[in-house]
Amino acid sequence: MKPELINPLTLAYLGDAVFEVYVREYLIVEKNILKPDSLAKEAINYVSAKAHASFMHAALDNNWLTDEEIAIYKRGRNAKPKHQNKNVNVLEHNQSSGFECLIGYLYLTNNHERIKEIFEYFKAFVGESR
């Protein structure tokens, strides 16, 4: 199956799960957060639509992404979901979907090193945003 032919919202669905694993591993292994309630509270800083949208603004402004990655992000961002989350701003939700689509695409193309690089940028960005 060619990832470029997969529905961008399906890629986002996968990317959301992949990114969640990176975040959980980081919080447990690197930040040594071991209590489930503390993990859940800290994870919000990394897995929210607002965090993803803010990161994508920084990534685009700082040229952290390739032209191909930007195109994949835009595919996910521009996809129209059938249902909209009532608790999230539509623009942020779409930008978050684009970010998750990119992660899903990179995962399916076995570009795990690039996911790690993006996650390193993301961790630094979240640290600066606090």
# chains A, B, ... in the order shown; residues from 1 in each chain; ligands from 1

$ residues_around --residues "Thr10 in chain A" --least-positions-apart "3" --cutoff "10 Å" --atoms "only C-alpha atoms" --output "NGL selection string"
:A and (3 or 6-7 or 13-16 or 76 or 97 or 100-101 or 104-105)

$ residues_around --residues "Glu4 in chain A" --least-positions-apart "3" --cutoff "12 Å" --atoms "only C-alpha atoms" --output "ChimeraX atom specification"
/A:1,7-11,68-69,71-73,75-76,101-102,104-106,108-109

$ select_by_dssp --residues "range 11-105 of chain A" --states "alpha helix (DSSP H)" --output "NGL selection string"
:A and (11-25 or 36-47 or 49-61 or 67-78 or 90-105)

$ atom_distance --atom1 "CA of Gly127 in chain A" --atom2 "CA of Ala12 in chain A"
24.1 Å

$ residues_around --residues "Glu20 in chain A" --least-positions-apart "2" --cutoff "12 Å" --atoms "only C-alpha atoms" --output "PyMOL selection string"
chain A and resi 12-18+22-27+39-40+43-48+52+100+103-104+119

$ write_last_selection --atoms "N, CA, C and O atoms" --output "compact mmCIF listing (two decimals), in the first residue's frame"
# COMPACT_ATOMS: atom_id res chain seq x y z
N ALA A 12 -3.63 10.58 9.56
CA ALA A 12 -3.67 11.35 10.81
C ALA A 12 -4.04 10.45 11.99
O ALA A 12 -3.49 10.58 13.08
N TYR A 13 -4.97 9.54 11.76
CA TYR A 13 -5.39 8.59 12.81
C TYR A 13 -4.18 7.77 13.27
O TYR A 13 -3.94 7.61 14.47
N LEU A 14 -3.41 7.28 12.30
CA LEU A 14 -2.21 6.51 12.64
C LEU A 14 -1.16 7.42 13.28
O LEU A 14 -0.55 7.06 14.29
N GLY A 15 -0.96 8.59 12.70
CA GLY A 15 0.04 9.52 13.22
C GLY A 15 -0.23 9.93 14.66
O GLY A 15 0.70 10.09 15.45
N ASP A 16 -1.49 10.09 15.00
CA ASP A 16 -1.88 10.42 16.37
C ASP A 16 -1.39 9.33 17.33
O ASP A 16 -0.81 9.63 18.37
N ALA A 17 -1.60 8.08 16.97
CA ALA A 17 -1.20 6.96 17.82
C ALA A 17 0.32 6.87 17.92
O ALA A 17 0.87 6.67 19.01
N VAL A 18 1.01 7.03 16.81
CA VAL A 18 2.47 6.97 16.79
C VAL A 18 3.05 8.08 17.66
O VAL A 18 3.93 7.83 18.50
N TYR A 22 5.51 8.16 21.26
CA TYR A 22 6.73 8.95 21.46
C TYR A 22 6.60 9.81 22.72
O TYR A 22 7.53 9.90 23.52
N VAL A 23 5.46 10.44 22.88
CA VAL A 23 5.24 11.30 24.04
C VAL A 23 5.27 10.49 25.33
O VAL A 23 5.95 10.86 26.29
N ARG A 24 4.56 9.38 25.35
CA ARG A 24 4.51 8.57 26.57
C ARG A 24 5.89 8.04 26.94
O ARG A 24 6.28 8.06 28.11
N GLU A 25 6.64 7.57 25.95
CA GLU A 25 7.99 7.08 26.23
C GLU A 25 8.86 8.20 26.78
O GLU A 25 9.59 8.01 27.75
N TYR A 26 8.79 9.37 26.18
CA TYR A 26 9.56 10.51 26.63
C TYR A 26 9.22 10.89 28.08
O TYR A 26 10.12 11.09 28.90
N LEU A 27 7.94 10.95 28.38
CA LEU A 27 7.53 11.35 29.73
C LEU A 27 7.96 10.34 30.78
O LEU A 27 8.38 10.71 31.88
N LEU A 39 1.18 11.73 34.42
CA LEU A 39 1.45 11.49 33.00
C LEU A 39 0.37 12.10 32.12
O LEU A 39 0.66 12.76 31.12
N ALA A 40 -0.87 11.87 32.50
CA ALA A 40 -1.99 12.39 31.71
C ALA A 40 -1.97 13.91 31.67
O ALA A 40 -2.18 14.52 30.60
N ALA A 43 1.04 15.02 29.48
CA ALA A 43 0.87 14.65 28.07
C ALA A 43 0.05 15.68 27.31
O ALA A 43 0.26 15.88 26.10
N ILE A 44 -0.86 16.35 27.99
CA ILE A 44 -1.70 17.36 27.33
C ILE A 44 -0.86 18.44 26.65
O ILE A 44 -1.23 18.97 25.62
N ASN A 45 0.31 18.73 27.23
CA ASN A 45 1.19 19.73 26.64
C ASN A 45 1.76 19.29 25.29
O ASN A 45 2.27 20.12 24.54
N TYR A 46 1.67 18.01 25.00
CA TYR A 46 2.27 17.45 23.80
C TYR A 46 1.26 16.93 22.77
O TYR A 46 1.57 16.88 21.60
N VAL A 47 0.11 16.49 23.22
CA VAL A 47 -0.81 15.80 22.32
C VAL A 47 -2.10 16.57 22.04
O VAL A 47 -3.02 16.03 21.43
N SER A 48 -2.17 17.82 22.40
CA SER A 48 -3.37 18.60 22.14
C SER A 48 -3.33 19.22 20.74
O SER A 48 -2.26 19.44 20.17
N HIS A 52 -0.09 20.96 18.72
CA HIS A 52 0.30 20.57 17.37
C HIS A 52 0.24 21.77 16.42
O HIS A 52 1.15 21.98 15.62
N GLU A 100 -0.48 15.36 12.37
CA GLU A 100 -0.65 13.92 12.58
C GLU A 100 -0.56 13.15 11.27
O GLU A 100 -0.02 12.03 11.22
N ILE A 103 3.09 12.69 10.50
CA ILE A 103 3.69 11.64 11.34
C ILE A 103 3.27 10.26 10.83
O ILE A 103 4.10 9.35 10.72
N GLY A 104 2.00 10.10 10.50
CA GLY A 104 1.51 8.83 9.96
C GLY A 104 2.20 8.46 8.66
O GLY A 104 2.58 7.30 8.44
N PHE A 119 10.30 15.04 16.58
CA PHE A 119 9.96 14.99 18.00
C PHE A 119 10.96 15.79 18.83
O PHE A 119 10.58 16.45 19.81

$ residues_around --residues "Tyr121 in chain A" --least-positions-apart "6" --cutoff "9 Å" --atoms "only C-alpha atoms" --output "PyMOL selection string"
chain A and resi 55+59+64

$ residues_around --residues "range 85-94 of chain A" --least-positions-apart "2" --cutoff "8 Å" --atoms "only C-alpha atoms" --output "VMD selection string"
chain A and resid 49 to 50 52 to 53 76 to 79 83 96 to 98
